[in-house]
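Engineer: For reference, the file upload.cif (mmCIF, C-alpha atoms) is included below:
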```cif
data_run
loop_
_atom_site.label_atom_id
_atom_site.label_comp_id
_atom_site.auth_asym_id
_atom_site.auth_seq_id
_atom_site.Cartn_x
_atom_site.Cartn_y
_atom_site.Cartn_z
CA MET A 1 120.78 125.05 78.72
CA ARG A 2 119.16 121.62 78.64
CA ARG A 3 115.59 120.86 79.68
CA ILE A 4 115.24 117.98 82.11
CA LEU A 5 111.68 116.66 82.20
CA ILE A 6 110.50 114.62 85.20
CA VAL A 7 107.38 112.56 84.61
CA GLY A 8 105.70 112.04 87.99
CA GLY A 9 106.06 113.77 91.34
CA GLY A 10 106.03 110.86 93.78
CA TYR A 11 108.92 109.77 95.99
CA ALA A 12 111.47 109.25 93.22
CA GLY A 13 110.45 112.31 91.19
CA PHE A 14 110.31 114.65 94.18
CA TYR A 15 113.70 113.63 95.56
CA ALA A 16 115.28 113.65 92.11
CA ALA A 17 114.05 117.21 91.51
CA ARG A 18 115.39 118.39 94.87
CA THR A 19 118.76 116.76 94.17
CA LEU A 20 118.99 118.34 90.71
CA GLU A 21 118.08 121.75 92.11
CA ARG A 22 121.01 121.48 94.48
CA ARG A 23 123.56 120.11 92.02
CA LEU A 24 122.78 122.09 88.88
CA SER A 25 122.82 125.84 88.53
CA ARG A 26 120.03 127.81 86.86
CA LYS A 27 122.21 128.27 83.78
CA GLU A 28 122.95 124.57 83.41
CA ALA A 29 119.46 123.12 83.14
CA GLU A 30 115.77 123.94 83.12
CA LEU A 31 113.87 121.57 85.40
CA MET A 32 110.26 120.65 84.66
CA MET A 33 107.90 118.23 86.42
CA ILE A 34 104.54 116.97 85.19
CA ASP A 35 102.05 115.47 87.64
CA PRO A 36 98.27 115.70 88.03
CA ARG A 37 98.60 116.29 91.79
CA PRO A 38 100.38 119.31 93.31
CA TYR A 39 101.92 117.23 96.08
CA MET A 40 103.86 114.10 96.91
CA THR A 41 101.86 111.59 98.95
CA TYR A 42 103.74 109.93 101.79
CA GLN A 43 101.89 106.63 101.42
CA PRO A 44 103.12 104.91 104.63
CA PHE A 45 101.01 107.43 106.55
CA LEU A 46 97.77 106.65 104.71
CA PRO A 47 96.65 103.85 107.10
CA GLU A 48 97.01 106.28 110.00
CA VAL A 49 95.12 108.93 108.03
CA ALA A 50 92.29 106.41 107.64
CA ALA A 51 92.38 105.75 111.39
CA GLY A 52 92.33 109.44 112.29
CA SER A 53 95.84 109.35 113.78
CA ILE A 54 97.33 111.76 111.22
CA GLU A 55 95.78 114.81 109.59
CA PRO A 56 95.35 114.21 105.84
CA ARG A 57 97.37 117.27 104.77
CA HIS A 58 100.29 116.10 106.88
CA ALA A 59 100.65 113.04 104.63
CA ALA A 60 101.13 115.29 101.59
CA VAL A 61 104.23 117.35 100.73
CA SER A 62 103.62 120.38 98.51
CA HIS A 63 105.61 120.52 95.28
CA ARG A 64 105.36 124.30 94.96
CA ARG A 65 106.48 124.96 98.50
CA HIS A 66 109.56 122.76 98.41
CA LEU A 67 110.67 122.72 94.77
CA LYS A 68 111.96 126.26 94.25
CA ARG A 69 113.37 126.07 90.71
CA THR A 70 111.31 123.32 89.10
CA ARG A 71 108.57 124.38 86.73
CA LEU A 72 105.43 122.44 87.64
CA ILE A 73 102.77 121.45 85.13
CA SER A 74 99.47 120.10 86.41
CA GLY A 75 98.53 117.32 84.03
CA ARG A 76 99.02 113.73 83.01
CA VAL A 77 101.55 112.47 80.48
CA THR A 78 99.69 110.28 77.98
CA ALA A 79 102.55 109.41 75.58
CA VAL A 80 106.35 109.49 75.54
CA ASP A 81 108.09 109.77 72.15
CA HIS A 82 111.75 109.59 73.08
CA GLU A 83 112.91 109.34 69.48
CA HIS A 84 111.69 112.90 68.96
CA ARG A 85 112.28 113.99 72.59
CA ALA A 86 108.64 114.92 73.21
CA VAL A 87 105.77 113.98 75.52
CA THR A 88 102.04 114.45 75.09
CA VAL A 89 100.35 115.99 78.11
CA GLN A 90 96.69 116.11 79.10
CA PRO A 91 96.31 119.09 81.46
CA VAL A 92 93.70 119.05 84.19
CA ASP A 93 91.81 121.63 82.11
CA GLY A 94 92.01 122.18 78.36
CA GLY A 95 93.20 120.14 75.39
CA THR A 96 96.35 118.10 74.97
CA MET A 97 99.74 119.72 74.44
CA THR A 98 103.23 118.61 73.42
CA ILE A 99 106.31 119.40 75.49
CA ASP A 100 109.83 118.96 74.18
CA TYR A 101 112.77 117.92 76.34
CA ASP A 102 116.46 117.07 76.18
CA ILE A 103 116.61 114.60 79.07
CA ILE A 104 113.70 112.62 80.47
CA LEU A 105 113.37 111.04 83.90
CA VAL A 106 110.38 108.72 84.21
CA THR A 107 109.12 108.33 87.77
CA ALA A 108 105.44 107.85 86.98
CA GLY A 109 104.97 105.27 89.73
CA ALA A 110 102.30 102.59 89.57
CA VAL A 111 98.54 102.39 89.64
CA THR A 112 96.24 100.05 91.52
CA ARG A 113 96.04 96.66 89.82
CA THR A 114 92.50 95.41 89.38
CA PHE A 115 90.88 92.31 87.95
CA PRO A 116 87.60 91.82 86.07
CA VAL A 117 85.60 91.03 89.20
CA PRO A 118 81.88 91.81 88.76
CA GLY A 119 80.88 94.81 90.86
CA LEU A 120 84.45 95.71 91.85
CA ARG A 121 84.63 98.95 89.87
CA GLU A 122 81.24 100.12 91.16
CA HIS A 123 81.69 99.36 94.87
CA ALA A 124 85.38 99.15 95.83
CA ILE A 125 87.82 101.92 96.73
CA GLY A 126 91.59 101.92 96.29
CA PHE A 127 94.19 103.00 98.83
CA LYS A 128 97.02 104.88 97.14
CA HIS A 129 96.00 108.52 97.64
CA VAL A 130 95.10 110.85 100.50
CA GLU A 131 91.53 111.32 99.32
CA GLU A 132 90.97 107.55 99.40
CA ALA A 133 92.27 107.27 102.97
CA VAL A 134 90.04 110.16 104.06
CA ALA A 135 87.03 108.58 102.37
CA VAL A 136 87.70 105.27 104.14
CA ARG A 137 87.84 106.97 107.54
CA ASP A 138 84.67 108.96 106.92
CA ARG A 139 82.76 105.93 105.66
CA VAL A 140 83.71 103.86 108.71
CA LEU A 141 82.65 106.61 111.12
CA THR A 142 79.45 107.35 109.20
CA ALA A 143 78.60 103.65 109.09
CA LEU A 144 78.67 103.52 112.89
CA ASP A 145 76.40 106.57 113.13
CA ARG A 146 73.91 105.08 110.69
CA ALA A 147 73.99 101.61 112.21
CA ALA A 148 73.39 102.92 115.74
CA VAL A 149 69.82 103.93 114.88
CA LEU A 150 68.95 100.69 113.05
CA PRO A 151 67.55 97.51 114.59
CA ALA A 152 69.57 94.34 114.35
CA GLY A 153 69.26 92.94 110.86
CA ARG A 154 70.74 92.71 107.40
CA GLN A 155 71.14 96.45 106.79
CA ARG A 156 72.96 97.07 110.07
CA THR A 157 75.19 94.04 109.52
CA ARG A 158 76.08 95.28 106.04
CA LEU A 159 77.00 98.74 107.35
CA LEU A 160 79.24 97.24 110.04
CA THR A 161 81.04 94.77 107.74
CA PHE A 162 84.35 96.07 106.36
CA THR A 163 86.44 94.18 103.82
CA VAL A 164 90.08 94.56 102.77
CA VAL A 165 91.25 92.67 99.68
CA GLY A 166 95.03 92.15 99.55
CA GLY A 167 97.40 90.97 102.27
CA GLY A 168 100.47 93.03 101.46
CA PHE A 169 101.77 95.83 103.67
CA THR A 170 99.01 98.25 102.67
CA GLY A 171 96.18 95.81 103.27
CA ILE A 172 97.55 94.57 106.60
CA GLU A 173 98.20 98.09 107.89
CA VAL A 174 94.77 99.36 106.80
CA LEU A 175 93.03 96.46 108.50
CA GLY A 176 95.08 96.83 111.67
CA GLU A 177 94.44 100.56 111.90
CA LEU A 178 90.71 100.20 111.22
CA LEU A 179 90.46 97.57 113.94
CA SER A 180 92.11 100.06 116.29
CA LEU A 181 89.77 102.85 115.16
CA ALA A 182 86.68 100.69 115.57
CA SER A 183 87.66 99.56 119.06
CA ALA A 184 88.05 103.20 120.08
CA MET A 185 84.76 104.23 118.48
CA ILE A 186 82.49 101.38 119.61
CA LYS A 187 82.79 102.47 123.25
CA ARG A 188 80.92 105.66 122.36
CA TYR A 189 77.90 103.81 120.94
CA PRO A 190 75.80 102.21 123.68
CA GLU A 191 73.53 100.83 120.94
CA LEU A 192 76.37 98.75 119.50
CA GLY A 193 78.87 96.23 120.79
CA PRO A 194 82.19 94.82 119.56
CA ASP A 195 80.41 91.69 118.29
CA ASP A 196 78.42 93.83 115.85
CA LEU A 197 81.60 94.70 113.91
CA THR A 198 82.99 92.35 111.26
CA PHE A 199 86.31 92.76 109.47
CA HIS A 200 87.40 90.56 106.57
CA LEU A 201 90.84 90.24 104.97
CA VAL A 202 90.92 88.38 101.64
CA GLU A 203 94.30 87.22 100.32
CA ALA A 204 94.75 84.98 97.28
CA LYS A 205 98.12 83.59 98.41
CA GLU A 206 98.76 81.20 101.28
CA ARG A 207 100.36 83.89 103.45
CA VAL A 208 100.43 87.64 104.06
CA LEU A 209 103.33 90.11 104.02
CA PRO A 210 105.72 88.42 101.56
CA GLU A 211 108.47 90.89 102.63
CA VAL A 212 108.77 89.30 106.10
CA GLY A 213 109.57 85.76 107.15
CA THR A 214 107.05 82.94 107.36
CA GLU A 215 106.75 82.88 111.15
CA PRO A 216 106.36 86.68 111.53
CA ALA A 217 103.65 86.55 108.85
CA ARG A 218 101.84 83.85 110.81
CA TRP A 219 102.11 85.98 113.94
CA VAL A 220 100.43 88.86 112.12
CA VAL A 221 97.53 86.62 111.06
CA ARG A 222 97.13 85.30 114.62
CA SER A 223 97.19 88.84 115.98
CA LEU A 224 94.50 90.02 113.58
CA ARG A 225 92.30 87.00 114.29
CA ASP A 226 92.68 87.48 118.04
CA ARG A 227 91.29 90.99 117.54
CA GLY A 228 88.24 89.66 115.75
CA ALA A 229 89.23 89.84 112.08
CA ARG A 230 88.26 87.10 109.63
CA VAL A 231 91.39 86.30 107.59
CA HIS A 232 90.76 84.35 104.38
CA LEU A 233 93.99 82.91 102.93
CA ARG A 234 94.24 81.16 99.54
CA THR A 235 90.96 82.93 98.76
CA SER A 236 89.94 85.21 95.89
CA LEU A 237 87.08 87.64 95.46
CA ILE A 238 84.72 86.19 92.85
CA SER A 239 82.02 88.87 92.81
CA ALA A 240 81.10 92.14 94.51
CA GLU A 241 77.89 92.95 92.69
CA ASN A 242 75.58 95.21 94.70
CA GLY A 243 77.99 95.00 97.63
CA HIS A 244 77.35 91.26 98.00
CA LEU A 245 80.74 89.56 98.19
CA VAL A 246 81.28 86.03 96.98
CA LEU A 247 84.60 84.41 97.90
CA SER A 248 86.30 81.45 96.29
CA ASP A 249 86.15 79.53 99.60
CA GLY A 250 82.36 79.55 99.31
CA GLU A 251 81.62 82.26 101.89
CA GLU A 252 79.19 85.06 100.99
CA PHE A 253 78.34 88.25 102.85
CA ASP A 254 77.30 91.87 102.32
CA SER A 255 79.84 94.63 102.90
CA ASP A 256 79.28 98.36 102.60
CA LEU A 257 83.03 99.13 102.43
CA ILE A 258 85.42 97.20 100.16
CA ILE A 259 89.05 98.39 100.19
CA TRP A 260 91.12 97.03 97.29
CA THR A 261 94.88 96.75 97.95
CA ALA A 262 95.69 93.74 95.76
CA GLY A 263 98.92 94.95 94.20
CA ASN A 264 100.15 97.49 91.68
CA ALA A 265 100.36 97.67 87.90
CA ALA A 266 102.37 99.76 85.46
CA THR A 267 100.85 103.07 84.41
CA GLU A 268 99.27 103.04 80.97
CA VAL A 269 101.67 105.59 79.50
CA ILE A 270 104.63 103.33 80.32
CA SER A 271 103.03 100.01 79.51
CA ARG A 272 101.41 101.07 76.21
CA HIS A 273 102.32 104.55 75.02
CA THR A 274 106.09 104.89 74.91
CA ASP A 275 108.94 103.86 72.64
CA LEU A 276 111.20 103.26 75.65
CA PRO A 277 111.98 99.55 76.27
CA THR A 278 109.66 97.70 78.66
CA ASP A 279 109.22 94.11 79.78
CA ARG A 280 106.08 92.00 79.43
CA SER A 281 104.51 93.53 82.54
CA GLY A 282 104.92 97.02 81.09
CA LEU A 283 107.76 98.17 83.37
CA LEU A 284 110.77 100.08 82.06
CA ILE A 285 113.98 98.11 81.63
CA VAL A 286 116.63 99.98 83.62
CA ARG A 287 120.37 99.58 84.18
CA PRO A 288 122.01 99.64 87.63
CA ASP A 289 123.04 103.29 87.04
CA LEU A 290 119.32 104.07 86.48
CA ARG A 291 119.64 104.78 82.77
CA VAL A 292 116.89 103.19 80.71
CA GLY A 293 118.10 100.30 78.55
CA SER A 294 120.04 97.06 78.78
CA ASP A 295 123.45 96.52 80.31
CA ASP A 296 125.05 96.71 76.88
CA LEU A 297 122.91 99.42 75.32
CA PRO A 298 121.69 102.37 77.40
CA ILE A 299 119.10 104.71 75.91
CA VAL A 300 120.69 108.13 75.60
CA ASP A 301 119.14 110.84 77.81
CA ALA A 302 116.49 108.52 79.30
CA TRP A 303 116.42 107.68 83.00
CA ALA A 304 113.92 106.01 85.32
CA ALA A 305 113.36 105.23 89.00
CA GLY A 306 110.61 104.13 91.34
CA ASP A 307 107.75 101.69 90.91
CA ASP A 308 107.58 101.96 87.11
CA ALA A 309 111.14 100.66 86.66
CA LEU A 310 112.78 97.23 86.76
CA ILE A 311 116.00 98.04 88.60
CA PRO A 312 118.63 95.37 89.37
CA ASP A 313 119.05 94.76 93.09
CA LEU A 314 122.82 94.70 93.49
CA ALA A 315 122.50 94.16 97.23
CA SER A 316 120.71 90.83 96.74
CA ASP A 317 122.46 87.46 96.52
CA VAL A 318 119.75 86.18 94.18
CA PRO A 319 120.80 86.32 90.50
CA GLY A 320 118.58 88.61 88.47
CA ALA A 321 116.83 90.07 91.52
CA ARG A 322 115.05 93.40 91.14
CA THR A 323 114.47 96.04 93.79
CA VAL A 324 111.16 95.85 95.63
CA PRO A 325 108.75 98.64 94.63
CA ASN A 326 108.48 100.42 97.97
CA ALA A 327 109.17 103.84 99.49
CA GLN A 328 112.51 102.76 100.98
CA HIS A 329 113.91 102.17 97.50
CA ALA A 330 112.08 104.95 95.64
CA VAL A 331 113.43 107.70 97.90
CA ARG A 332 117.00 106.53 97.53
CA GLN A 333 116.65 105.87 93.81
CA GLY A 334 115.39 109.43 93.37
CA LYS A 335 118.46 110.83 95.06
CA ARG A 336 120.83 108.55 93.14
CA VAL A 337 119.32 109.27 89.72
CA GLY A 338 119.48 113.01 90.44
CA ARG A 339 123.17 112.70 91.32
CA ASN A 340 123.87 110.60 88.22
CA ILE A 341 122.14 113.01 85.84
CA ALA A 342 124.11 115.89 87.32
CA ALA A 343 127.32 113.85 87.13
CA GLN A 344 126.76 113.07 83.46
CA LEU A 345 126.22 116.76 82.66
CA HIS A 346 129.40 117.60 84.55
CA GLY A 347 131.43 114.83 82.89
CA GLY A 348 131.62 112.85 86.12
CA LYS A 349 131.30 109.17 86.96
CA LEU A 350 127.94 107.42 87.15
CA ARG A 351 127.42 105.24 90.20
CA PRO A 352 125.12 102.20 90.37
CA TYR A 353 122.19 102.11 92.73
CA VAL A 354 122.91 99.86 95.71
CA HIS A 355 120.86 99.81 98.88
CA HIS A 356 120.93 97.25 101.66
CA SER A 357 117.57 96.95 103.39
CA ILE A 358 117.30 98.52 106.82
CA GLY A 359 114.44 96.19 107.70
CA VAL A 360 110.69 96.22 107.26
CA VAL A 361 108.17 97.60 109.72
CA ALA A 362 104.38 97.74 109.78
CA THR A 363 101.79 99.25 112.07
CA LEU A 364 98.81 97.17 113.16
CA GLY A 365 97.08 99.92 115.10
CA ILE A 366 97.97 102.05 118.11
CA GLY A 367 100.46 100.16 120.28
CA ARG A 368 100.74 97.28 117.83
CA GLY A 369 103.30 96.59 115.11
CA ILE A 370 105.91 94.27 113.68
CA PHE A 371 109.53 94.93 112.72
CA GLN A 372 111.99 92.54 111.07
CA TYR A 373 115.66 93.01 110.26
CA HIS A 374 117.19 89.79 108.96
CA ARG A 375 116.48 87.28 111.77
CA LEU A 376 115.61 89.92 114.36
CA VAL A 377 111.84 90.18 114.82
CA ILE A 378 110.19 92.65 117.20
CA THR A 379 106.44 92.78 117.80
CA GLY A 380 103.99 94.78 119.88
CA PRO A 381 104.53 98.30 121.28
CA PRO A 382 108.32 98.43 120.60
CA ALA A 383 107.73 97.69 116.91
CA TRP A 384 104.97 100.29 116.81
CA LEU A 385 107.37 102.89 118.24
CA ILE A 386 110.00 101.87 115.68
CA HIS A 387 107.40 102.39 112.93
CA ARG A 388 106.53 105.87 114.13
CA GLY A 389 110.13 106.86 114.76
CA TYR A 390 111.32 105.69 111.35
CA HIS A 391 108.54 107.31 109.36
CA VAL A 392 108.59 110.66 111.15
CA LEU A 393 112.27 110.82 110.21
CA ALA A 394 111.66 109.54 106.68
CA VAL A 395 108.85 111.90 105.70
CA PRO A 396 110.49 114.77 103.76
CA MET A 397 110.87 118.31 105.04
CA TRP A 398 111.21 119.38 108.66
CA GLU A 399 107.92 121.26 108.69
CA ARG A 400 106.12 118.00 107.89
CA LYS A 401 108.05 116.07 110.56
CA VAL A 402 107.09 118.66 113.19
CA ARG A 403 103.43 118.72 112.13
CA VAL A 404 103.14 114.93 112.25
CA ALA A 405 104.94 114.62 115.61
CA ALA A 406 102.85 117.43 117.10
CA GLY A 407 99.70 115.67 115.95
CA TRP A 408 100.78 112.45 117.66
CA VAL A 409 101.46 114.32 120.91
CA THR A 410 98.06 116.00 120.74
CA GLN A 411 96.41 112.65 120.10
CA ALA A 412 98.19 111.07 123.06
CA VAL A 413 96.74 113.79 125.32
CA PHE A 414 93.23 114.20 123.91
CA GLY A 415 92.69 111.02 121.90
CA ARG A 416 92.30 110.69 118.15
CA ASP A 417 89.89 112.90 116.23
CA LEU A 418 86.79 110.84 115.51
CA VAL A 419 84.75 113.32 113.46
CA SER A 420 83.41 112.18 110.10
CA LEU A 421 83.40 114.78 107.34
CA GLU A 422 81.77 112.60 104.71
CA PRO A 423 79.50 115.49 103.53
CA VAL A 424 82.68 117.18 102.26
CA GLN A 425 82.52 114.75 99.35
CA HIS A 426 79.27 116.49 98.32
CA PRO A 427 79.91 120.12 99.33
CA ARG A 428 76.98 121.63 97.43
CA GLN A 429 74.32 119.29 98.77
CA ALA A 430 73.29 121.53 101.70
CA PHE A 431 72.98 124.53 99.38
CA VAL A 432 70.98 122.54 96.82
CA ASP A 433 68.61 121.27 99.53
CA ALA A 434 68.16 124.79 100.90
CA ALA A 435 67.44 126.17 97.44
CA ALA A 436 64.86 123.43 96.84
CA ASP A 437 63.13 124.23 100.13
CA ASP A 438 63.13 127.92 99.26
CA ASP A 439 61.51 127.22 95.90
CA HIS A 440 58.86 125.14 97.61
CA VAL A 441 57.77 127.84 100.08
CA ARG A 442 58.09 130.88 97.82
CA PRO A 443 54.60 132.16 96.89
CA ALA A 444 53.69 132.25 93.24
CA ALA A 445 54.11 135.63 91.52
#
```
Take the structure I supplied and represent it as structure tokens, if you would.
Structural biologist:
Amino acid sequence: MRRILIVGGGYAGFYAARTLERRLSRKEAELMMIDPRPYMTYQPFLPEVAAGSIEPRHAAVSHRRHLKRTRLISGRVTAVDHEHRAVTVQPVDGGTMTIDYDIILVTAGAVTRTFPVPGLREHAIGFKHVEEAVAVRDRVLTALDRAAVLPAGRQRTRLLTFTVVGGGFTGIEVLGELLSLASAMIKRYPELGPDDLTFHLVEAKERVLPEVGTEPARWVVRSLRDRGARVHLRTSLISAENGHLVLSDGEEFDSDLIIWTAGNAATEVISRHTDLPTDRSGLLIVRPDLRVGSDDLPIVDAWAAGDDALIPDLASDVPGARTVPNAQHAVRQGKRVGRNIAAQLHGGKLRPYVHHSIGVVATLGIGRGIFQYHRLVITGPPAWLIHRGYHVLAVPMWERKVRVAAGWVTQAVFGRDLVSLEPVQHPRQAFVDAAADDDHVRPAA
């Protein structure tokens, strides 16, 4: 019996494990997955989590509930030594350990790409995980509560200024959803008005949403500006020290919330700590059949899929094109690599990964969206419905589909949940304060 080790439990890793569970018997292979989180995050739902349209747990799919035969190890792979078929693992608790394997599947995904901008590390927040989306929602809601009791001035302006850096799908969807959230919330604050809110989008390139056409991208910018957002194109963030933002176009302002969505980078274990072949950007070199290696020389028993892999896009007419690192590809790559690993063990034929895009869709807030399929472009409420329909079907497991759909129905009847639970980030604070008060009033012995 061979041990198949899956590094990473995101889209590609989760679907690969489910496929292998179905195609290999218990006697054929031992399946093992290593990931620091016990769930797969359905990232397209994170903007709606931040806007209070989806419950945070509904954007996460439990590994232990849905992977019946895969042994799960909570930890982070810090090195891959394929020559000796071993990985080094840093568990959540305890010292490092070494795990041997026969076949490795690397689906470690990507991490947020940052730049050496002063103050960025201290004041910005990323947007790749559920906890980040929840924190964004709570900070927006708490900022409104705090600002409502302040007089007009610098501190109130800072609290009500929200900045998104990065004009890809994540940044555009976050900004659109937060605009929708703020417009719903501001009506409940008689002390504040819509003009008190300021939203900035900072994008270094000359356009947003590179996955859509030029004119649809311009429509998105016009839509955001019509709703009050300040969109800075061909502009970089120079400094964020002390929450004071300095942009390359010369504008400066204070912002209490800085959301960084400016692209992805290879994980450190893949870019620096593996003997598997990578390119200059640190991504794994992968064949069309999802084996690691070049067209002429595959690496035996090494496979890869998802955002950490450079996979040829056989559906593209552009020579040398690679698949876009998004959920649409990662899900299908996970299924294909699972089938190919099983086929190789059974002496079957390996099939290349080929997927023709079914279009791109983005939400810009409740009732707003954009969808493009080749030359067909749909905007407004129909695109928003397409977004919701596609993703409720795409999120794995029927129990998650039902929970998400039920939440949307409840929201349509009662409105979105606008409660901030920011104190959850400091759960012991109330107890500590109570204990301090108790010490203060207790009489001396």
Engineer: Check what the PyMOL selection byres ((chain A and resi 35) around 12) selects in the file above and give those residues as a VMD selection string.
Structural biologist: chain A and resid 5 to 10 13 to 14 32 to 34 36 to 41 63 to 64 71 to 78 89 to 92 106 to 109
Engineer: With C-alpha atoms retained, write the just-selected residues as a tab-separated table (two decimals), keeping the file's coordinate frame.
Structural biologist:
```
chain	number	residue	atom	x	y	z
A	5	LEU	CA	111.68	116.66	82.20
A	6	ILE	CA	110.50	114.62	85.20
A	7	VAL	CA	107.38	112.56	84.61
A	8	GLY	CA	105.70	112.04	87.99
A	9	GLY	CA	106.06	113.77	91.34
A	10	GLY	CA	106.03	110.86	93.78
A	13	GLY	CA	110.45	112.31	91.19
A	14	PHE	CA	110.31	114.65	94.18
A	32	MET	CA	110.26	120.65	84.66
A	33	MET	CA	107.90	118.23	86.42
A	34	ILE	CA	104.54	116.97	85.19
A	36	PRO	CA	98.27	115.70	88.03
A	37	ARG	CA	98.60	116.29	91.79
A	38	PRO	CA	100.38	119.31	93.31
A	39	TYR	CA	101.92	117.23	96.08
A	40	MET	CA	103.86	114.10	96.91
A	41	THR	CA	101.86	111.59	98.95
A	63	HIS	CA	105.61	120.52	95.28
A	64	ARG	CA	105.36	124.30	94.96
A	71	ARG	CA	108.57	124.38	86.73
A	72	LEU	CA	105.43	122.44	87.64
A	73	ILE	CA	102.77	121.45	85.13
A	74	SER	CA	99.47	120.10	86.41
A	75	GLY	CA	98.53	117.32	84.03
A	76	ARG	CA	99.02	113.73	83.01
A	77	VAL	CA	101.55	112.47	80.48
A	78	THR	CA	99.69	110.28	77.98
A	89	VAL	CA	100.35	115.99	78.11
A	90	GLN	CA	96.69	116.11	79.10
A	91	PRO	CA	96.31	119.09	81.46
A	92	VAL	CA	93.70	119.05	84.19
A	106	VAL	CA	110.38	108.72	84.21
A	107	THR	CA	109.12	108.33	87.77
A	108	ALA	CA	105.44	107.85	86.98
A	109	GLY	CA	104.97	105.27	89.73
```
Engineer: Please enumerate the residues selected by the PyMOL selection byres ((chain A and resi 328) around 10) when evaluated against the supplied file, formatted as an MDAnalysis selection string.
Structural biologist: chainID A and resid 11 306 324:327 329:333 355 357:360 394
Engineer: Which is closer to Ala60 (chain A) than all the others in A:Val292, A:Leu46, A:Leu141, A:Ala217, using only C-alpha atoms?
Structural biologist: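 Between A:Val292, A:Leu46, A:Leu141, A:Ala217, the residue approaching Ala60 (chain A) most closely is A:Leu46.
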Engineer: Tell me which of A:His244, A:Arg272, A:His387, A:Arg280 sits closest to His123 (chain A), counting all atoms listed in the file.
Structural biologist: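 Among the listed residues, A:His244 lies closest to His123 (chain A).
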Engineer: Of the candidates A:Ile259, A:Leu364, A:Val49, A:Leu376, which shows the shortest atom-to-atom distance to Glu131 (chain A), using only C-alpha atoms?
Structural biologist: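 For Glu131 (chain A), the nearest of the candidates is A:Val49.
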Engineer: Taking into account only C-alpha atoms, which residue in the set A:Val402, A:Val136, A:Ile172, A:Val419 is nearest to Pro44 (chain A)?
Structural biologist: A:Ile172
Engineer: Quick one: distance from CA of Val165 (chain A) to CA of His273 (chain A) in Å, one decimal?
Structural biologist: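 CA of His273 (chain A) lies 29.5 Å from CA of Val165 (chain A).
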Engineer: Using the chain letters and numbers from the file, give me the residues hit by the PyMOL selection byres ((chain A and resi 192) around 12), as a ChimeraX atom specification.
Structural biologist: /A:143-152,156-157,160,182-183,185-191,193-197
Engineer: For the selection you just gave me, I'd like the residues written to a file as a JSON list (two decimals), in the coordinates of the input, keeping C-alpha atoms.
Structural biologist:
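Saved file out-v4.json follows:
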```json
[["chain", "number", "residue", "atom", "x", "y", "z"],
["A", 143, "ALA", "CA", 78.60, 103.65, 109.09],
["A", 144, "LEU", "CA", 78.67, 103.52, 112.89],
["A", 145, "ASP", "CA", 76.40, 106.57, 113.13],
["A", 146, "ARG", "CA", 73.91, 105.08, 110.69],
["A", 147, "ALA", "CA", 73.99, 101.61, 112.21],
["A", 148, "ALA", "CA", 73.39, 102.92, 115.74],
["A", 149, "VAL", "CA", 69.82, 103.93, 114.88],
["A", 150, "LEU", "CA", 68.95, 100.69, 113.05],
["A", 151, "PRO", "CA", 67.55, 97.51, 114.59],
["A", 152, "ALA", "CA", 69.57, 94.34, 114.35],
["A", 156, "ARG", "CA", 72.96, 97.07, 110.07],
["A", 157, "THR", "CA", 75.19, 94.04, 109.52],
["A", 160, "LEU", "CA", 79.24, 97.24, 110.04],
["A", 182, "ALA", "CA", 86.68, 100.69, 115.57],
["A", 183, "SER", "CA", 87.66, 99.56, 119.06],
["A", 185, "MET", "CA", 84.76, 104.23, 118.48],
["A", 186, "ILE", "CA", 82.49, 101.38, 119.61],
["A", 187, "LYS", "CA", 82.79, 102.47, 123.25],
["A", 188, "ARG", "CA", 80.92, 105.66, 122.36],
["A", 189, "TYR", "CA", 77.90, 103.81, 120.94],
["A", 190, "PRO", "CA", 75.80, 102.21, 123.68],
["A", 191, "GLU", "CA", 73.53, 100.83, 120.94],
["A", 193, "GLY", "CA", 78.87, 96.23, 120.79],
["A", 194, "PRO", "CA", 82.19, 94.82, 119.56],
["A", 195, "ASP", "CA", 80.41, 91.69, 118.29],
["A", 196, "ASP", "CA", 78.42, 93.83, 115.85],
["A", 197, "LEU", "CA", 81.60, 94.70, 113.91]]
```
Engineer: Counting only C-alpha atoms, which residue out of A:Phe431, A:Leu20, A:Tyr353, A:Arg291 sits closest to Asp313 (chain A)?
Structural biologist: A:Tyr353
Engineer: Just checking: using all atoms listed in the file, which residue out of A:Pro288, A:Pro381, A:Phe371, A:Lys128 ends up closest to Val354 (chain A)?
Structural biologist: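 Result for the nearest residue to Val354 (chain A): A:Pro288.
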Engineer: Just want the 12 Å neighbourhood of Leu350 (chain A), counted on only C-alpha atoms, with same-chain residues fewer than 3 positions away dropped. Output as a PyMOL selection string.
Structural biologist: chain A and resi 287-291+336-347+353
Engineer: Quick one: axis-aligned box around all listed atoms of region 237-249 of chain A, 3 Å on every side, centre and edge lengths in Å to one decimal, written as lines of an AutoDock Vina configuration file.
Structural biologist:
```
center_x = 81.3
center_y = 87.4
center_z = 96.1
size_x = 17.5
size_y = 21.7
size_z = 12.9
```
Engineer: What lies within 9 Å of Pro396 (chain A) using all atoms listed in the file, ignoring chain neighbours under 5 positions off, as a VMD selection string?
Structural biologist: chain A and resid 15 42 61 401
Engineer: As an exercise, work out the distance from CA of Arg2 (chain A) to CA of Ala29 (chain A) in Å and give it to one decimal place.
Structural biologist: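 These two atoms are separated by 4.8 Å.
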Engineer: Ala412 (chain A): which residues within 12 Å, counting all atoms listed in the file, same-chain residues fewer than 4 positions away excluded, as a VMD selection string?
Structural biologist: chain A and resid 53 to 54 366 to 367 405 to 408 416 to 417
Engineer: Separation of CA of Gly365 (chain A) and CA of Ser180 (chain A), in Å?
Structural biologist: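 Going from CA of Gly365 (chain A) over to CA of Ser180 (chain A), I get 5.1 Å.
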